[in-house]
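Visitor: File follows, target-v2.txt with compact mmCIF, C-alpha atoms and all ligand atoms:
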# COMPACT_ATOMS: atom_id res chain seq x y z
CA THR A 1 -27.33 13.40 10.08
CA HIS A 2 -27.34 12.87 13.81
CA PHE A 3 -24.87 10.01 13.39
CA GLY A 4 -22.36 12.77 12.75
CA PHE A 5 -20.67 11.88 9.49
CA GLU A 6 -20.56 13.38 6.06
CA GLU A 7 -21.28 17.05 5.84
CA VAL A 8 -21.08 17.10 2.02
CA PRO A 9 -24.03 18.87 0.37
CA TYR A 10 -26.52 16.44 -1.16
CA GLU A 11 -26.26 17.49 -4.84
CA GLU A 12 -22.49 17.64 -4.74
CA LYS A 13 -22.16 14.07 -3.48
CA VAL A 14 -24.75 12.75 -5.97
CA ARG A 15 -22.87 14.42 -8.83
CA LYS A 16 -19.51 13.14 -7.63
CA VAL A 17 -20.69 9.53 -7.21
CA ALA A 18 -22.33 9.60 -10.66
CA GLY A 19 -19.09 10.93 -12.19
CA VAL A 20 -16.96 8.30 -10.49
CA PHE A 21 -19.07 5.34 -11.63
CA HIS A 22 -19.59 6.62 -15.19
CA SER A 23 -15.82 6.93 -15.31
CA VAL A 24 -14.86 3.55 -13.81
CA ALA A 25 -17.63 1.37 -15.34
CA GLY A 26 -15.52 0.01 -18.22
CA LYS A 27 -12.64 -1.06 -15.99
CA TYR A 28 -14.66 -1.86 -12.87
CA ASP A 29 -14.25 -5.64 -12.73
CA LEU A 30 -10.53 -5.57 -13.52
CA MET A 31 -9.92 -2.93 -10.86
CA ASN A 32 -11.89 -4.86 -8.22
CA ASP A 33 -9.71 -7.91 -8.73
CA LEU A 34 -6.50 -5.86 -8.79
CA MET A 35 -7.21 -3.66 -5.77
CA SER A 36 -8.52 -6.40 -3.51
CA MET A 37 -6.10 -8.98 -4.95
CA GLY A 38 -9.11 -11.12 -5.71
CA VAL A 39 -10.36 -11.23 -2.13
CA HIS A 40 -13.63 -9.39 -2.97
CA ARG A 41 -14.74 -12.71 -4.43
CA LEU A 42 -14.47 -14.33 -0.97
CA TRP A 43 -16.30 -11.45 0.72
CA LYS A 44 -19.11 -11.88 -1.83
CA ARG A 45 -19.13 -15.67 -1.39
CA TYR A 46 -19.63 -15.16 2.35
CA THR A 47 -22.52 -12.76 1.67
CA LEU A 48 -24.23 -15.34 -0.55
CA ASP A 49 -23.78 -18.01 2.15
CA MET A 50 -25.27 -15.73 4.82
CA SER A 51 -28.28 -14.72 2.70
CA GLY A 52 -30.32 -17.88 3.26
CA VAL A 53 -31.59 -17.51 -0.32
CA ARG A 54 -33.31 -20.60 -1.72
CA ARG A 55 -34.83 -21.79 -4.98
CA GLY A 56 -37.86 -19.75 -5.95
CA ASP A 57 -36.86 -16.67 -3.95
CA HIS A 58 -37.11 -13.09 -5.21
CA VAL A 59 -33.87 -11.25 -4.54
CA LEU A 60 -32.91 -7.60 -4.89
CA ASP A 61 -29.22 -6.89 -5.50
CA LEU A 62 -29.14 -3.16 -4.88
CA ALA A 63 -26.31 -0.96 -6.17
CA GLY A 64 -25.57 -4.19 -8.00
CA GLY A 65 -23.20 -2.64 -10.54
CA THR A 66 -21.66 -5.21 -12.84
CA GLY A 67 -23.65 -8.03 -11.27
CA ASP A 68 -21.25 -10.30 -9.33
CA LEU A 69 -23.87 -11.15 -6.70
CA ALA A 70 -26.81 -11.08 -9.12
CA GLU A 71 -25.14 -13.71 -11.29
CA LYS A 72 -24.71 -16.12 -8.37
CA PHE A 73 -28.22 -15.43 -7.03
CA SER A 74 -29.67 -16.11 -10.45
CA ARG A 75 -28.35 -19.68 -10.24
CA MET A 76 -29.42 -20.06 -6.59
CA VAL A 77 -33.08 -19.05 -7.12
CA GLY A 78 -33.55 -21.01 -10.37
CA PRO A 79 -36.23 -20.49 -13.00
CA GLN A 80 -39.05 -20.12 -10.44
CA GLY A 81 -37.26 -17.30 -8.65
CA SER A 82 -36.16 -13.87 -9.78
CA VAL A 83 -33.25 -11.52 -9.28
CA THR A 84 -33.52 -7.77 -9.67
CA LEU A 85 -30.26 -5.96 -10.29
CA ALA A 86 -30.84 -2.31 -9.42
CA ASP A 87 -28.37 0.53 -9.73
CA ILE A 88 -28.65 4.30 -10.02
CA ASN A 89 -25.98 4.48 -12.71
CA ASP A 90 -26.83 3.50 -16.28
CA SER A 91 -23.17 2.97 -17.27
CA MET A 92 -22.71 0.40 -14.49
CA LEU A 93 -26.08 -1.19 -15.24
CA LYS A 94 -25.14 -1.52 -18.93
CA MET A 95 -21.84 -3.19 -18.08
CA GLY A 96 -23.69 -5.58 -15.77
CA ARG A 97 -26.31 -6.49 -18.34
CA GLU A 98 -23.75 -6.98 -21.10
CA ARG A 99 -21.64 -9.25 -18.92
CA LEU A 100 -24.49 -11.40 -17.63
CA VAL A 101 -26.13 -11.76 -21.05
CA ASN A 102 -22.73 -12.77 -22.51
CA ASP A 103 -22.40 -15.36 -19.75
CA GLY A 104 -25.81 -16.74 -20.72
CA ILE A 105 -27.45 -15.67 -17.46
CA VAL A 106 -30.92 -14.79 -18.75
CA GLY A 107 -34.52 -15.56 -17.92
CA ASN A 108 -34.84 -14.82 -14.22
CA LEU A 109 -32.91 -11.52 -14.11
CA GLN A 110 -34.22 -8.02 -14.54
CA TYR A 111 -32.41 -4.70 -14.59
CA VAL A 112 -33.84 -1.58 -12.98
CA GLN A 113 -32.31 1.87 -12.81
CA ALA A 114 -33.24 3.00 -9.32
CA ASN A 115 -32.11 5.15 -6.42
CA ALA A 116 -31.73 3.20 -3.16
CA GLU A 117 -33.29 6.14 -1.30
CA CYS A 118 -36.69 5.69 -2.97
CA LEU A 119 -37.03 2.18 -4.34
CA PRO A 120 -39.68 1.71 -7.06
CA PHE A 121 -40.95 -1.65 -5.73
CA PRO A 122 -44.08 -2.67 -3.81
CA ASP A 123 -44.10 -3.17 -0.01
CA ASN A 124 -43.16 -6.65 1.34
CA HIS A 125 -41.83 -7.82 -2.01
CA PHE A 126 -38.33 -9.39 -1.68
CA ASP A 127 -37.04 -12.50 0.13
CA ALA A 128 -33.59 -10.93 0.53
CA ILE A 129 -31.81 -7.69 -0.29
CA THR A 130 -28.06 -7.29 -0.74
CA ILE A 131 -26.15 -4.06 -1.11
CA ALA A 132 -22.43 -4.69 -1.65
CA PHE A 133 -20.01 -1.78 -1.59
CA GLY A 134 -22.97 0.42 -2.39
CA LEU A 135 -24.30 1.99 0.82
CA ARG A 136 -21.09 4.03 1.15
CA ASN A 137 -21.98 5.84 -2.04
CA VAL A 138 -25.59 6.60 -1.10
CA THR A 139 -26.11 10.17 0.06
CA ASP A 140 -29.09 9.70 2.41
CA LYS A 141 -28.28 6.35 4.02
CA GLU A 142 -31.14 6.53 6.56
CA ALA A 143 -33.69 7.02 3.76
CA ALA A 144 -32.13 4.13 1.85
CA LEU A 145 -32.32 1.77 4.85
CA ARG A 146 -35.98 2.68 5.43
CA SER A 147 -36.74 2.11 1.76
CA MET A 148 -35.05 -1.32 1.86
CA LEU A 149 -37.04 -2.26 4.95
CA ARG A 150 -40.29 -1.32 3.22
CA VAL A 151 -39.74 -3.58 0.19
CA LEU A 152 -38.53 -6.62 2.20
CA LYS A 153 -40.99 -9.35 3.17
CA PRO A 154 -41.42 -9.84 6.93
CA GLY A 155 -38.93 -12.41 8.30
CA LYS A 156 -36.41 -11.72 5.55
CA PRO A 157 -32.87 -10.25 5.71
CA LEU A 158 -30.98 -7.26 4.44
CA LEU A 159 -27.25 -7.87 3.93
CA VAL A 160 -24.90 -4.89 3.75
CA LEU A 161 -21.37 -5.71 2.60
CA GLU A 162 -19.16 -2.67 3.00
CA PHE A 163 -15.73 -1.40 3.91
CA SER A 164 -15.46 -0.84 7.65
CA ARG A 165 -12.83 -0.23 10.36
CA PRO A 166 -9.86 -2.61 10.58
CA VAL A 167 -9.68 -4.05 14.09
CA ILE A 168 -5.92 -4.69 14.22
CA LYS A 169 -4.73 -1.17 15.00
CA PRO A 170 -0.98 -1.72 14.40
CA LEU A 171 -1.80 -2.47 10.76
CA ASN A 172 -3.44 0.94 10.25
CA PRO A 173 -0.38 2.69 8.77
CA ILE A 174 -0.05 -0.07 6.19
CA TYR A 175 -3.76 0.10 5.41
CA ASP A 176 -3.56 3.91 5.04
CA ALA A 177 -0.55 3.71 2.76
CA TYR A 178 -2.29 1.08 0.65
CA SER A 179 -5.50 3.13 0.35
CA PHE A 180 -4.06 6.57 -0.26
CA LYS A 181 -0.90 5.68 -2.22
CA VAL A 182 -1.34 2.29 -3.87
CA LEU A 183 -5.02 2.58 -4.87
CA PRO A 184 -4.68 5.95 -6.69
CA LEU A 185 -1.52 4.60 -8.35
CA LEU A 186 -3.35 1.48 -9.56
CA GLY A 187 -6.15 3.81 -10.72
CA LYS A 188 -3.66 5.85 -12.66
CA LEU A 189 -1.79 2.91 -14.19
CA PHE A 190 -4.71 0.68 -15.14
CA ALA A 191 -7.67 3.02 -15.54
CA ASP A 192 -6.01 6.40 -16.23
CA ASP A 193 -8.24 7.74 -13.48
CA PRO A 194 -6.44 8.44 -10.16
CA ASP A 195 -9.18 10.80 -8.90
CA SER A 196 -11.89 8.13 -8.86
CA TYR A 197 -9.66 5.86 -6.80
CA ARG A 198 -8.80 8.69 -4.44
CA TYR A 199 -12.56 9.11 -3.93
CA LEU A 200 -12.69 5.41 -3.09
CA ALA A 201 -10.15 5.77 -0.27
CA GLU A 202 -11.83 8.92 1.09
CA SER A 203 -15.32 7.45 1.00
CA ILE A 204 -14.11 4.39 2.92
CA ARG A 205 -12.76 6.62 5.71
CA LYS A 206 -16.02 8.58 5.95
CA HIS A 207 -18.24 5.51 6.06
CA PRO A 208 -19.71 4.62 9.48
CA ASP A 209 -17.86 1.97 11.48
CA GLN A 210 -19.29 -1.43 12.48
CA GLU A 211 -21.23 -0.29 15.57
CA THR A 212 -22.53 2.91 13.97
CA LEU A 213 -23.90 1.11 10.94
CA LYS A 214 -25.51 -1.49 13.19
CA ALA A 215 -27.19 1.33 15.17
CA MET A 216 -28.39 2.94 11.93
CA MET A 217 -29.97 -0.33 10.81
CA GLU A 218 -31.70 -0.70 14.16
CA GLU A 219 -32.96 2.87 14.02
CA ALA A 220 -34.36 2.25 10.53
CA GLY A 221 -36.37 -0.64 12.02
CA PHE A 222 -34.27 -3.75 11.35
CA GLU A 223 -34.18 -6.41 14.08
CA GLN A 224 -31.60 -8.97 15.21
CA CYS A 225 -28.87 -6.85 13.63
CA ALA A 226 -25.36 -8.29 13.74
CA TYR A 227 -22.11 -7.85 11.88
CA TYR A 228 -19.27 -10.13 10.87
CA ASN A 229 -15.78 -8.72 10.33
CA LEU A 230 -14.02 -9.97 7.23
CA SER A 231 -10.29 -9.64 6.56
CA GLY A 232 -9.80 -8.16 10.03
CA GLY A 233 -12.57 -5.58 9.68
CA ILE A 234 -11.33 -4.08 6.41
CA VAL A 235 -14.79 -5.19 5.33
CA ALA A 236 -17.85 -6.06 7.42
CA LEU A 237 -21.05 -7.87 6.57
CA HIS A 238 -24.05 -6.48 8.45
CA ARG A 239 -27.26 -8.46 8.53
CA GLY A 240 -30.63 -7.41 9.89
CA TYR A 241 -34.17 -8.73 9.55
CA LYS A 242 -37.54 -7.19 8.95
CA LEU A 243 -39.84 -8.78 11.52
N1 LIG B 1 -22.34 -4.29 -5.90
C1 LIG B 1 -21.28 -4.21 -6.91
C2 LIG B 1 -20.05 -4.91 -6.41
O1 LIG B 1 -20.04 -5.29 -5.23
O2 LIG B 1 -19.09 -5.07 -7.16
C3 LIG B 1 -21.00 -2.75 -7.30
C4 LIG B 1 -20.48 -1.86 -6.22
S1 LIG B 1 -19.96 -0.28 -6.78
C5 LIG B 1 -18.53 0.04 -5.79
C6 LIG B 1 -21.14 0.82 -6.10
C7 LIG B 1 -22.41 0.97 -6.93
O3 LIG B 1 -23.36 1.74 -6.19
C8 LIG B 1 -22.20 1.71 -8.25
O4 LIG B 1 -22.59 0.90 -9.32
C9 LIG B 1 -23.10 2.94 -8.11
O5 LIG B 1 -23.68 3.37 -9.31
C10 LIG B 1 -24.15 2.47 -7.11
N2 LIG B 1 -24.88 3.51 -6.41
C11 LIG B 1 -24.38 4.64 -5.87
N3 LIG B 1 -25.36 5.37 -5.30
C12 LIG B 1 -26.52 4.68 -5.47
C13 LIG B 1 -27.88 4.92 -5.09
N4 LIG B 1 -28.23 6.01 -4.44
N5 LIG B 1 -28.80 3.99 -5.43
C14 LIG B 1 -28.44 2.87 -6.11
N6 LIG B 1 -27.18 2.60 -6.49
C15 LIG B 1 -26.22 3.49 -6.18
Here is the file; what I need is its structure written in the form of structure tokens.
Guide:
Amino acid sequence: THFGFEEVPYEEKVRKVAGVFHSVAGKYDLMNDLMSMGVHRLWKRYTLDMSGVRRGDHVLDLAGGTGDLAEKFSRMVGPQGSVTLADINDSMLKMGRERLVNDGIVGNLQYVQANAECLPFPDNHFDAITIAFGLRNVTDKEAALRSMLRVLKPGKPLLVLEFSRPVIKPLNPIYDAYSFKVLPLLGKLFADDPDSYRYLAESIRKHPDQETLKAMMEEAGFEQCAYYNLSGGIVALHRGYKL
């Protein structure tokens, strides 16, 4: 792409991402809590607060995985609204459905296996779209952003929660050691899968930084784009509107 990242061939990345998420699905929630020391819950809380979602809304949680955001949205929109949990990976989708059904979250939720690059929904359909820790794994991010814009209603937001670039430079060595040493070790100890967690660290480094992602959203056609650094820029929430 002309944003100058990621030279991995398309098929290779798609195969790798599928392998990683088939492999981690069973341990995904445990590992999220372990690796982020629970803080991912706060990042997600902030995303919900910034979504402006109200009762009766129709929400798309894209790359929704095991359904953390979908579960909360389901309560926010109530019986008149709907939440669509979409993910490309059937193992992750299955874990999500199992968990939400067990928690009694039924009625206004639907599950769709879909690729973010070519969403199978009508134009101008959703009141909000979230993609949390998902865009990093999408091969053609520009196509995905255009597809999200198409299915949003005018006036409504896309929220992208994703790893980004820490802003406190002196902490970088600690961050690097944590990502490349501690994460694979946790992956090995708790999930018997160090490679998947090495992929995690690598994919975070390759992902566009705050300003680049903002420019990509603008280029795709989103307006009033802005980002909010969380935990010192380890994670950023980007928000843009379809006008
Ligand atoms: N949103 C959840 C969360 O925040 O915990 C799950 C995030 S998980 C790290 C990334 C998810 O993105 C995986 O479930 C993966 O299957 C999904 N994914 C990867 N590429 C995708 C694509 N092209 N379209 C839709 N989902 C995709």
Visitor: Kindly indicate which residue among A:Asp68, A:Glu142, A:Asp123, A:Asp61 lies nearest to Tyr111 in chain A, using only C-alpha atoms for the distances.
Guide: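 Of all the options, A:Asp61 lies closest to Tyr111 in chain A.
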Visitor: List all protein, DNA and RNA residues that have at least one atom no more than 9 Å from any atom of ligand LIG 1 (chain B), counting only C-alpha atoms and all ligand atoms, and write them as number ranges by chain.
Guide: A: 14, 17-18, 20-22, 25, 28-29, 32, 40, 44, 61-70, 86-93, 113-119, 130-141, 144, 161-162, 200
Visitor: For Cys225 in chain A, which residue among A:Tyr46, A:Phe180, A:Tyr241, A:Tyr197 is the nearest when counting all atoms listed in the file?
Guide: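 Result for the nearest residue to Cys225 in chain A: A:Tyr241.
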Visitor: Which residue gives the smallest distance to Asn124 in chain A among A:Pro157, A:Gly52, A:Gly104, A:Gly96, with only C-alpha atoms counted?
Guide: A:Pro157
Visitor: Please compute the CA of Met217 in chain A-CA of Ala236 in chain A distance, one decimal, in Å.
Guide: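 Answer for the CA of Met217 in chain A to CA of Ala236 in chain A separation: 13.8 Å.
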Visitor: Around all of range 18-37 of chain A's listed atoms, make the axis-aligned box with 6 Å on each side and tell me centre and edge lengths in Å to one decimal, as lines of an AutoDock Vina configuration file.
Guide:
center_x = -14.2
center_y = 1.0
center_z = -10.9
size_x = 28.2
size_y = 31.9
size_z = 26.7
